[in-house]
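J.: For reference, the structure I am asking about is given below.
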Amino acid sequence: MKPKTEAELAEMVAGLNEPMRIAGGGTRGVMAPDIAIETSGLTGIALYEPGALTLVAKAGTPVAEIEAVLDAEGQQLAFEPMDHRGLLGTSGTPTIGGVVAANVSGPRRVQAGACRDFLLGVRYVDGMGQIVKNGGRVMKNVTGYDLVKLMAGSWGTLGVLTEVSLKVLPKPEVSATLSVQVPDVTTGIAALSAALKSPFEVSGAAYDPDRGCALLRLEGFAQSVTYRLNQMKFVLSGFGEVTEQEQSGALWADLRDVAGFHSQNGDVWRISVKPTDAPEIVERIQADQTLLDWGGGLIWALVPVGTDLRAQLGAFEGHASIARAEPETIDKLGRFQPESAGISALTRGIRQQCDPRGVFNPGLMG
Amino acid sequence: MEMPTPNPDVLRRKAVVLQRLLQVMPEDAVIHEPSETRAYECDALTAYKCPPMLAVLPATTQEVSDVLRICNEEGVPVVPRGSGTSLAGGALPTADCVILGVARMNDVLEVDYDNRFIRVQAGRTNLSVTGAVEEDDFFYAPDPSSQLACAIAGNIAMNSGGAHCLKYGVTTNNLLGVKMVLMDGSVIEIGGAYLDSGGLDLLGVVCGSEGQLGVVTEATLRILRKPEGARPVLMGFDDNEVAGQCVSDIIKSGILPVAIEFMDTLCIRACENFAHAGYPDCTALLIVEVEGSEAEMNDQLAKIIEIAKRHNPVELRESRSAEESAKIWLGRKSAFGAMGQLNDYMCLDGTIPVSSLPEVLRRIGEMSQDYGLPVGNVFHAGDGNMHPLILFDANKPGDLEKCEAFGADILKLCVDVGGCLTGEHGVGIEKRDLMSHQYAPTDLEAQMAIKDVFDPNWLLNPAKVFPLQASESRRIARIAAE
């Protein structure tokens with residue numbers, strides 16, 4: 001099903017008599033059910049005001065189209081959404097609705113915030129086929145409950161997004177990256193923490209165990225970046241040899257998309273933890289390969305097919321979700337971290353309210 | 001302002017409820033004498049008052065849980081209260097309610113600089129969160145004007161903002177996790193000292209839910225390293241439209257100032273008379289603040305001043321010292337006090353798209369003529385969050401009603417140009433009945449359905465946020481079921 005308007009979508013949903021998969025460009029790895037409601041017919045940028053830092057687009061609008069329009073005005077989606085195609089081996093065109101539904105955020109998450117922090121408003125069709133709007137197109141809005149945040153990261157289970165409003169930000173004039181050679185993950189995380197604790201506005205903080213280096217990104221006006229690079233070299237000097245990296249843009253695009261895992265076989269997990277817990281967690285899981293982003297708060301782990309990583313993790317503060325695995329593994333282990341009984345009762349209740357017939361992405365979020 | 005009729009059955013059982021609360025709470029934490037409950041009769045929206053049936057001041061999450069469980073069993077409405085600084089009536093009691101004040105829960109539980117968070121009890125004041133980390137050069141970013149008094153619990157309930165959220169975001173962008181008690185007494189934890197909780201974003205919907213979903217007892221908050229320095233520039237214009245264009249041009253240039261504040265003539269004059277900040281006498285005044293090292297600030301301010309000059313400012317004054325910076329901010333920060341010297345006032349909180357600024361100011365001016373009530377405008381221009389201050393005389397019969405009608409017209413205008421009713425104060429009772437202007441019945445239904453999940457009996461702060469008519473069937477169903 002590929003509706004061309006929101007009204008058409010609402011009518012289709014109201015008439016549904018079987019569960020559907022909700023798909024934007026189909027690049028984010030949701031495979032079941034076979035039949036889908038596709039939002040790729042709902043496209044177009046409805047409003048863009050660079051002076052107000054706001055953009056409103058239909059959910060099926062390609063991310064690339066939005067990025068091109070922003071780029072022409074020297075602006076960007078500051079949350080730096082990842083492109084999942086390389087990691088998941090999917091094809092298709094990533095849509096802004098898909099980005100929002102999966103709350104996809106890249107390395108700048110650690111400084112600027114997640115996709116949900118930039119989402120100002122939504123329109124969606126709920127499981128009864130009703131059109132609902134929440135939030136708006138202004139940056140400060142506390143009018144009623146914030147269903148905007150609830151929709152971000154709900155993976156289509158509460159409603160089919162039809163339109164999203166986003167806060168955008170100026171694109172930095174310059175991006176520069178420092179690399180610190182460190183002996184181990186503990187030192188790596190300590191270096192990232194030291195950098196993030198400094199007043200020098202780090203916009204990317206990753207640790208690559210394969211290269212044995214911590215990577216720090218600084219962005220802004222040229223003069224400011226030069227100044228902060230020098231200060232940062234001083235901050236990092238106690239942790240290892242500091243060098244400036246070429247090609248800062250490409251480097252962070254690769255980190256964002258976990259490019260190092262693309263050609264590797266195995267399942268990929270995403271673990272969110274308190275950064276200083278990361279070294280012990282990395283030790284505990286003994287993955288084939290890891291990559292740490294968000295100052296150590298996000299661990300990407302490559303493990304043998306079918307591994308129950310949560311069993312290896314045991315009790316920990318945070319959450320682990322499957323980014324890439326066979327459908328059987330996802331069915332068996334669940335894509336998302338199991339919730340406590342109290343939280344699970346609430347999320348079930350909310351899903352029941354929004355989609356009482358259970359027609360949207362059933363089973364995806366529990 | 002209409003409030004639901006108190007439930008006579010609840011009032012009749014006051015002694016029973018009191019007895020049960022005394023079994024789980026120390027005597028000094030349960031307030032029941034009418035002479036004492038009066039202290040909780042209103043919040044900062046002082047035009048509306050109603051003493052609660054009882055007030056409790058729990059000191060632990062367990063006590064909060066006991067109180068809520070008992071009230072749930074007894075069918076007694078509960079109105080949570082932080083420090084009582086809500087400008088929207090968020091903590092206004094009803095005669096049949098128990099006020100649950102979290103002020104006694106104000107400890108710092110954990111400070112972690114390596115992971116950049118602080119965990120506090122929710123009754124702690126906003127400013128004292130920063131106070132706990134300031135010696136080590138850290139701060140908590142959201143800075144509502146009432147930050148000296150307001151509690152984190154209330155900040156979370158209203159998703160409070162402040163002058164500096166253009167750069168740092170509002171409460172929801174700085175909140176990592178909460179411990180919260182639901183109306184049935186169960187205790188849940190959402191999120192924690194890590195990013196993006198996984199599963200549905202319950203934290204996102206709890207923040208800004210105005211005490212209607214649960215009572216937050218502990219919060220994990222993001223803290224940030226203080227910038228090396230901050231410096232404002234003041235600029236005056238003789239035309240609102242030009243000032244608005246200047247704001248837009250600054251933002252488009254790629255600079256993201258930490259704050260852009262706007263004041264109109266009436267506010268400028270009132271503030272100048274009150275605080276003697278040395279403001280120019282002009283139509284529109286902007287205060288733009290940047291942060292960073294000395295060189296970085298110089299660089300950004302040079303760019304900003306170059307843009308401002310293209311708009312023929314009547315005044316352009318860059319701060320050259322800490323004293324000058326303080327003086328520039330002094331006027332702005334005393335705006336509410338200064339307006340209070342002129343008369344009683346009502347402070348509004350609508351948000352508009354920045355591009356609509358000149359039109360909205362013009363229309364507000366016209367309405368001011370029609371209503372015969374003066375209005376001053378002071379607002380966070382970078383994000384379009386307006387605070388029109390309508391002056392009226394509370395002792396003059398009919399003036400309050402006229403002021404309310406004028407305020408409602410301004411807020412409707414904000415919605416009509418693509419904005420919203422409230423940017424940082426919350427709906428409370430003040431904007432409750434205007435919600436239908438911004439949201440269709442299905443939109444309100446979708447929101448109320450969330451409360452059904454968290455608080456099926458509609459006992460937590462039930463008469464707020466939603467138009468009484470819209471929430472009536474849910475509130476009545478609860479009473480009928482008893």
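Going through the structure tokens in order, the chains are called A, B, and so on, while each chain numbers its residues from 1 and the ligands are numbered from 1 in the order shown.
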Please report, as a compact mmCIF listing (two decimals) with C-alpha atoms, in the first residue's frame, each residue of range 360-478 of chain B to which DSSP assigns helix (DSSP H, G or I) when run on this structure's backbone.
T.:
```txt
# COMPACT_ATOMS: atom_id res chain seq x y z
CA VAL B 360 2.23 39.79 15.90
CA LEU B 361 3.62 42.88 17.64
CA ARG B 362 1.53 45.13 15.40
CA ARG B 363 -1.64 43.13 16.11
CA ILE B 364 -0.96 43.10 19.86
CA GLY B 365 -0.61 46.89 19.69
CA GLU B 366 -3.99 47.18 17.96
CA MET B 367 -5.67 44.88 20.48
CA SER B 368 -4.13 46.88 23.31
CA GLN B 369 -5.93 49.96 21.93
CA ASP B 370 -9.20 48.06 21.63
CA TYR B 371 -9.07 46.65 25.15
CA ALA B 381 13.59 36.20 20.19
CA GLY B 382 15.87 33.44 18.95
CA ASP B 383 13.22 30.82 19.53
CA ASP B 399 -10.27 44.67 34.74
CA LEU B 400 -9.08 41.11 35.44
CA GLU B 401 -11.77 39.67 33.16
CA LYS B 402 -10.85 42.14 30.43
CA CYS B 403 -7.19 41.24 30.85
CA GLU B 404 -7.99 37.52 30.60
CA ALA B 405 -9.96 38.07 27.41
CA PHE B 406 -7.11 40.13 25.94
CA GLY B 407 -4.60 37.44 26.93
CA ALA B 408 -6.71 34.75 25.31
CA ASP B 409 -6.86 36.78 22.09
CA ILE B 410 -3.07 37.14 22.04
CA LEU B 411 -2.56 33.41 22.56
CA LYS B 412 -5.06 32.56 19.83
CA LEU B 413 -3.12 34.90 17.56
CA CYS B 414 0.09 33.02 18.39
CA VAL B 415 -1.59 29.76 17.33
CA ASP B 416 -3.08 31.32 14.19
CA ARG B 432 -6.62 24.89 29.65
CA ASP B 433 -9.72 26.13 27.91
CA LEU B 434 -7.76 27.47 24.92
CA MET B 435 -6.36 24.03 24.11
CA SER B 436 -9.23 23.44 21.70
CA HIS B 437 -7.99 26.38 19.65
CA GLN B 438 -4.67 24.66 19.03
CA PRO B 441 -10.69 16.77 19.56
CA THR B 442 -8.77 13.75 18.20
CA ASP B 443 -5.46 15.45 19.11
CA LEU B 444 -6.63 16.01 22.70
CA GLU B 445 -8.05 12.51 22.86
CA ALA B 446 -4.63 11.09 21.88
CA GLN B 447 -3.05 12.98 24.78
CA MET B 448 -5.72 12.07 27.32
CA ALA B 449 -5.37 8.41 26.30
CA ILE B 450 -1.81 8.56 27.69
CA LYS B 451 -3.08 9.72 31.06
CA ASP B 452 -5.58 6.85 31.02
CA VAL B 453 -2.59 4.48 31.00
CA PHE B 454 -0.59 6.15 33.79
CA LEU B 468 -12.85 20.68 31.56
CA GLN B 469 -15.48 19.68 29.07
CA ALA B 470 -13.05 17.44 27.20
CA SER B 471 -11.87 15.64 30.34
CA GLU B 472 -15.25 15.57 32.07
CA SER B 473 -16.36 12.06 31.14
CA ARG B 474 -13.09 10.64 32.46
CA ARG B 475 -13.22 12.57 35.71
CA ILE B 476 -16.91 11.77 36.23
CA ALA B 477 -16.36 8.08 35.50
CA ARG B 478 -13.93 7.99 38.39
```
J.: Mind listing as a PDB file with C-alpha atoms, in the first residue's frame which residues of chain A are within 7 Å of chain B, counting only C-alpha atoms?
T.:
```
ATOM      1  CA  PRO A  50      16.431  29.264   7.463  1.00  0.00           C
ATOM      2  CA  GLY A  51      16.076  32.373   9.652  1.00  0.00           C
ATOM      3  CA  ALA A  52      13.875  30.442  12.067  1.00  0.00           C
ATOM      4  CA  ASP A 117      15.680  16.577  20.568  1.00  0.00           C
ATOM      5  CA  VAL A 132      -3.417  13.224  14.976  1.00  0.00           C
ATOM      6  CA  LYS A 133      -1.099  16.196  15.279  1.00  0.00           C
ATOM      7  CA  ASN A 134       1.159  17.104  18.177  1.00  0.00           C
ATOM      8  CA  GLY A 136       4.189  22.295  15.951  1.00  0.00           C
ATOM      9  CA  ARG A 137       6.900  24.174  14.100  1.00  0.00           C
ATOM     10  CA  VAL A 138       8.274  26.378  16.870  1.00  0.00           C
ATOM     11  CA  MET A 139      11.272  25.587  19.043  1.00  0.00           C
ATOM     12  CA  LYS A 140       9.663  26.100  22.411  1.00  0.00           C
ATOM     13  CA  ASN A 141       6.367  24.395  22.911  1.00  0.00           C
ATOM     14  CA  VAL A 142       4.963  22.878  26.103  1.00  0.00           C
ATOM     15  CA  THR A 143       1.334  22.940  25.028  1.00  0.00           C
ATOM     16  CA  GLY A 144      -0.107  19.625  26.195  1.00  0.00           C
ATOM     17  CA  TYR A 145       1.681  16.295  26.360  1.00  0.00           C
ATOM     18  CA  ASP A 146       4.820  15.811  24.296  1.00  0.00           C
ATOM     19  CA  LEU A 147       3.698  13.012  21.985  1.00  0.00           C
ATOM     20  CA  LYS A 149       9.053  12.586  21.712  1.00  0.00           C
ATOM     21  CA  LEU A 150       6.896   9.510  22.108  1.00  0.00           C
ATOM     22  CA  GLY A 153      11.801   6.010  18.256  1.00  0.00           C
ATOM     23  CA  SER A 154       8.409   4.283  18.352  1.00  0.00           C
ATOM     24  CA  PRO A 170      23.984  26.112  10.975  1.00  0.00           C
ATOM     25  CA  LYS A 171      26.546  23.900   9.318  1.00  0.00           C
ATOM     26  CA  SER A 193      35.820  11.995  29.202  1.00  0.00           C
ATOM     27  CA  LYS A 197      34.617  17.695  30.434  1.00  0.00           C
ATOM     28  CA  SER A 198      36.566  20.567  28.904  1.00  0.00           C
ATOM     29  CA  PRO A 199      34.874  23.813  27.819  1.00  0.00           C
ATOM     30  CA  SER A 224      37.552  29.210  17.017  1.00  0.00           C
ATOM     31  CA  SER A 272      23.994   2.210  25.430  1.00  0.00           C
ATOM     32  CA  VAL A 273      25.821   2.565  28.752  1.00  0.00           C
ATOM     33  CA  LYS A 274      27.292   5.036  31.150  1.00  0.00           C
ATOM     34  CA  PRO A 275      30.588   5.892  29.378  1.00  0.00           C
ATOM     35  CA  THR A 276      32.882   4.896  32.261  1.00  0.00           C
ATOM     36  CA  GLY A 297      28.294   5.690  25.868  1.00  0.00           C
ATOM     37  CA  GLY A 318      21.710   0.705  30.068  1.00  0.00           C
ATOM     38  CA  HIS A 319      20.190  -1.099  27.119  1.00  0.00           C
ATOM     39  CA  PHE A 336      15.074  -4.213  22.042  1.00  0.00           C
ATOM     40  CA  GLY A 342       6.406  -1.490  35.449  1.00  0.00           C
ATOM     41  CA  ILE A 343       7.703   0.094  32.245  1.00  0.00           C
ATOM     42  CA  LEU A 346       2.970   1.299  30.568  1.00  0.00           C
ATOM     43  CA  THR A 347       4.350   0.792  27.066  1.00  0.00           C
ATOM     44  CA  GLY A 349      -0.908   0.289  27.623  1.00  0.00           C
ATOM     45  CA  ILE A 350       0.226   3.084  25.311  1.00  0.00           C
ATOM     46  CA  GLN A 353      -4.382   3.022  23.195  1.00  0.00           C
ATOM     47  CA  MET A 365       8.721  -3.420  20.277  1.00  0.00           C
TER      48      MET A 365
END
```
J.: Given only C-alpha atoms, how would the per-residue table for range 152-193 of chain A near range 120-130 of chain A read, listing every residue at most 7 Å away with its closest atom pair and distance in Å to one decimal, sorted by chain and number, as CSV?
T.:
```
residue,atom,partner,partner_atom,distance
A:Leu158,CA,A:Asp126,CA,6.3
A:Gly159,CA,A:Asp126,CA,4.3
A:Val160,CA,A:Val125,CA,5.1
A:Leu161,CA,A:Tyr124,CA,4.1
A:Thr162,CA,A:Tyr124,CA,5.0
A:Glu163,CA,A:Arg123,CA,5.0
A:Val164,CA,A:Val122,CA,4.6
A:Ser165,CA,A:Gly121,CA,4.9
A:Leu166,CA,A:Leu120,CA,5.3
A:Lys167,CA,A:Leu120,CA,6.5
```
J.: Let me see the file: selected residues, N, CA and C atoms, as a tab-separated table (two decimals), in the first residue's frame.
T.:
```tsv
chain	number	residue	atom	x	y	z
A	158	LEU	N	3.10	3.07	17.02
A	158	LEU	CA	2.02	3.89	17.58
A	158	LEU	C	1.23	4.61	16.51
A	159	GLY	N	1.82	4.75	15.34
A	159	GLY	CA	1.14	5.47	14.27
A	159	GLY	C	2.06	5.57	13.07
A	160	VAL	N	1.46	5.89	11.93
A	160	VAL	CA	2.25	6.09	10.71
A	160	VAL	C	2.48	7.59	10.56
A	161	LEU	N	3.73	8.00	10.66
A	161	LEU	CA	4.06	9.42	10.53
A	161	LEU	C	3.72	9.90	9.12
A	162	THR	N	3.13	11.09	9.04
A	162	THR	CA	2.86	11.65	7.72
A	162	THR	C	3.65	12.94	7.50
A	163	GLU	N	3.96	13.65	8.60
A	163	GLU	CA	4.70	14.90	8.45
A	163	GLU	C	5.51	15.16	9.72
A	164	VAL	N	6.72	15.68	9.56
A	164	VAL	CA	7.55	16.00	10.74
A	164	VAL	C	8.10	17.42	10.61
A	165	SER	N	8.19	18.13	11.74
A	165	SER	CA	8.87	19.44	11.74
A	165	SER	C	10.14	19.28	12.55
A	166	LEU	N	11.19	19.86	12.03
A	166	LEU	CA	12.50	19.69	12.65
A	166	LEU	C	13.19	21.03	12.87
A	167	LYS	N	13.92	21.10	13.96
A	167	LYS	CA	14.84	22.21	14.18
A	167	LYS	C	16.13	21.88	13.44
```
J.: From a DSSP calculation on the backbone, collect every residue of range 3-167 of chain A in strand (DSSP E) and output the set as a VMD selection string.
T.: chain A and resid 21 to 23 36 to 38 45 to 49 54 to 58 75 to 76 119 to 125 131 to 135 160 to 167
J.: Create the file for the chosen residues now, containing C-alpha atoms and written as a CSV table (one decimal), in the first residue's frame.
T.:
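Written output follows (result-v5.csv):
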```csv
chain,number,residue,atom,x,y,z
A,21,ARG,CA,4.8,-3.4,8.3
A,22,ILE,CA,5.3,0.4,8.3
A,23,ALA,CA,8.0,1.3,5.8
A,36,ALA,CA,3.7,-2.9,4.1
A,37,ILE,CA,2.3,0.5,4.3
A,38,GLU,CA,4.8,2.6,2.4
A,45,ILE,CA,9.3,19.9,1.9
A,46,ALA,CA,6.3,21.9,3.1
A,47,LEU,CA,8.2,24.7,4.7
A,48,TYR,CA,11.7,25.8,5.2
A,49,GLU,CA,12.7,29.0,7.1
A,54,THR,CA,12.8,25.2,11.0
A,55,LEU,CA,11.9,22.7,8.3
A,56,VAL,CA,8.7,20.8,7.8
A,57,ALA,CA,8.6,17.8,5.5
A,58,LYS,CA,6.3,15.0,4.6
A,75,GLN,CA,22.5,24.5,7.4
A,76,GLN,CA,22.2,20.8,8.5
A,119,LEU,CA,11.8,17.1,16.5
A,120,LEU,CA,9.3,19.9,16.9
A,121,GLY,CA,6.1,18.5,15.7
A,122,VAL,CA,4.5,15.5,14.1
A,123,ARG,CA,1.4,14.5,12.2
A,124,TYR,CA,0.5,10.8,12.1
A,125,VAL,CA,-2.3,8.3,11.5
A,131,ILE,CA,-5.2,11.8,11.9
A,132,VAL,CA,-3.4,13.2,15.0
A,133,LYS,CA,-1.1,16.2,15.3
A,134,ASN,CA,1.2,17.1,18.2
A,135,GLY,CA,3.8,19.8,18.8
A,160,VAL,CA,2.3,6.1,10.7
A,161,LEU,CA,4.1,9.4,10.5
A,162,THR,CA,2.9,11.7,7.7
A,163,GLU,CA,4.7,14.9,8.4
A,164,VAL,CA,7.5,16.0,10.7
A,165,SER,CA,8.9,19.4,11.7
A,166,LEU,CA,12.5,19.7,12.6
A,167,LYS,CA,14.8,22.2,14.2
```
J.: Which residues, written as an mmCIF file with N, CA and C atoms, in the first residue's frame, have at least one atom at most 8 Å from Thr95 in chain A, with only C-alpha atoms counted and residues fewer than 5 positions away on the same chain left out?
T.:
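Wrote selection.cif, looks like this:
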```
data_model
loop_
_atom_site.group_PDB
_atom_site.id
_atom_site.type_symbol
_atom_site.label_atom_id
_atom_site.label_comp_id
_atom_site.auth_asym_id
_atom_site.auth_seq_id
_atom_site.Cartn_x
_atom_site.Cartn_y
_atom_site.Cartn_z
ATOM 1 N N GLY A 24 9.303 3.380 5.452
ATOM 2 C CA GLY A 24 9.644 4.612 4.751
ATOM 3 C C GLY A 24 10.350 4.185 3.481
ATOM 4 N N GLY A 25 11.676 4.165 3.528
ATOM 5 C CA GLY A 25 12.436 3.661 2.389
ATOM 6 C C GLY A 25 12.816 2.204 2.559
ATOM 7 N N SER A 40 6.442 6.290 1.021
ATOM 8 C CA SER A 40 7.244 6.960 -0.014
ATOM 9 C C SER A 40 6.401 7.782 -0.990
ATOM 10 N N ALA A 59 6.583 12.818 5.544
ATOM 11 C CA ALA A 59 7.393 11.724 6.106
ATOM 12 C C ALA A 59 8.199 10.954 5.067
ATOM 13 N N GLY A 60 7.672 10.850 3.850
ATOM 14 C CA GLY A 60 8.355 10.049 2.839
ATOM 15 C C GLY A 60 9.451 10.794 2.088
ATOM 16 N N THR A 61 9.694 12.027 2.447
ATOM 17 C CA THR A 61 10.722 12.820 1.762
ATOM 18 C C THR A 61 12.102 12.193 1.972
ATOM 19 N N PRO A 62 12.853 11.986 0.885
ATOM 20 C CA PRO A 62 14.199 11.406 1.048
ATOM 21 C C PRO A 62 15.088 12.302 1.913
ATOM 22 N N VAL A 63 15.857 11.671 2.782
ATOM 23 C CA VAL A 63 16.787 12.414 3.642
ATOM 24 C C VAL A 63 17.753 13.220 2.777
#
```
J.: To one decimal place in Å, what is the distance between CA of Leu175 in chain B and CA of Ala149 in chain B?
T.: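 About the pair CA of Leu175 in chain B and CA of Ala149 in chain B: they are 19.1 Å apart.
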J.: Excluding same-chain residues fewer than 2 positions from range 238-252 of chain A, what lies within 7 Å of it counting only C-alpha atoms, as a count of residues only?
T.: 15
J.: Can you tell me which residues surround range 29-36 of chain B at a distance of at most 8 Å, considering only C-alpha atoms, apart from same-chain residues fewer than 5 positions away, and format the answer as a compact mmCIF listing (two decimals) with N, CA and C atoms, in the first residue's frame?
T.:
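Once everything was written out, this is part16.txt:
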```
# COMPACT_ATOMS: atom_id res chain seq x y z
N LEU B 18 -7.09 11.55 56.55
CA LEU B 18 -6.05 12.11 57.42
C LEU B 18 -5.45 11.03 58.31
N LEU B 21 -3.18 8.77 56.38
CA LEU B 21 -1.91 9.41 56.01
C LEU B 21 -0.98 9.51 57.22
N LEU B 22 -1.57 9.76 58.39
CA LEU B 22 -0.74 9.87 59.60
C LEU B 22 -0.10 8.54 59.98
N PRO B 51 -7.80 26.78 49.13
CA PRO B 51 -7.03 25.93 50.05
C PRO B 51 -7.35 24.46 49.80
N MET B 53 -7.73 20.32 50.80
CA MET B 53 -8.27 19.62 51.96
C MET B 53 -7.14 19.29 52.93
N LEU B 54 -6.02 18.78 52.38
CA LEU B 54 -4.85 18.41 53.18
C LEU B 54 -3.59 18.70 52.36
N ALA B 55 -2.48 18.82 53.06
CA ALA B 55 -1.20 18.90 52.35
C ALA B 55 -0.22 17.95 53.03
N VAL B 56 0.60 17.26 52.23
CA VAL B 56 1.62 16.36 52.81
C VAL B 56 2.99 16.73 52.25
N LEU B 57 4.00 16.56 53.09
CA LEU B 57 5.37 16.89 52.69
C LEU B 57 6.28 15.69 52.89
N PRO B 58 6.21 14.71 52.00
CA PRO B 58 7.02 13.50 52.16
C PRO B 58 8.51 13.79 52.04
```
J.: Can you list, as an MDAnalysis selection string, every protein, DNA or RNA residue that comes within 12 Å of Gln264 in chain A when you count only C-alpha atoms, leaving out same-chain residues fewer than 2 positions away?
T.: chainID A and resid 86:89 258:262 266:268 288:290 301:305 324
J.: Write a file of the selected residues as a PDB file, in the first residue's frame, keeping C-alpha atoms.
T.:
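In the end it all went to out.pdb:
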```pdb
ATOM      1  CA  GLY A  86      25.891  -0.222   4.330  1.00  0.00           C
ATOM      2  CA  LEU A  87      25.586  -1.997   7.658  1.00  0.00           C
ATOM      3  CA  LEU A  88      22.317  -3.798   6.931  1.00  0.00           C
ATOM      4  CA  GLY A  89      22.882  -4.451   3.240  1.00  0.00           C
ATOM      5  CA  VAL A 258      29.953   1.914  11.374  1.00  0.00           C
ATOM      6  CA  ALA A 259      31.741   1.377   8.061  1.00  0.00           C
ATOM      7  CA  GLY A 260      34.319  -0.912   9.661  1.00  0.00           C
ATOM      8  CA  PHE A 261      31.628  -3.584  10.160  1.00  0.00           C
ATOM      9  CA  HIS A 262      30.119  -3.455   6.667  1.00  0.00           C
ATOM     10  CA  GLY A 266      28.139 -11.620  12.140  1.00  0.00           C
ATOM     11  CA  ASP A 267      25.430  -9.935  14.160  1.00  0.00           C
ATOM     12  CA  VAL A 268      25.689  -6.306  15.182  1.00  0.00           C
ATOM     13  CA  ASP A 288      34.867  -9.938  17.420  1.00  0.00           C
ATOM     14  CA  GLN A 289      35.027  -6.227  16.854  1.00  0.00           C
ATOM     15  CA  THR A 290      33.826  -3.124  18.692  1.00  0.00           C
ATOM     16  CA  ALA A 301      29.615  -4.838  18.863  1.00  0.00           C
ATOM     17  CA  LEU A 302      30.132  -7.401  16.109  1.00  0.00           C
ATOM     18  CA  VAL A 303      29.491 -10.935  17.400  1.00  0.00           C
ATOM     19  CA  PRO A 304      29.069 -14.401  15.856  1.00  0.00           C
ATOM     20  CA  VAL A 305      25.687 -15.077  14.240  1.00  0.00           C
ATOM     21  CA  ARG A 324      21.695  -6.543  12.497  1.00  0.00           C
TER      22      ARG A 324
END
```
J.: Have a look at CA of Ala101 in chain A and CA of Ala219 in chain B and let me know their distance in Å, one decimal.
T.: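 Separation of CA of Ala101 in chain A and CA of Ala219 in chain B: 26.3 Å.
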J.: Determine, counting only C-alpha atoms, which protein, DNA and RNA residues have an atom within 10 Å of an atom of Cys71 in chain B; residues of the same chain fewer than 2 positions away are not included. Present the result as a count of residues only.
T.: 21
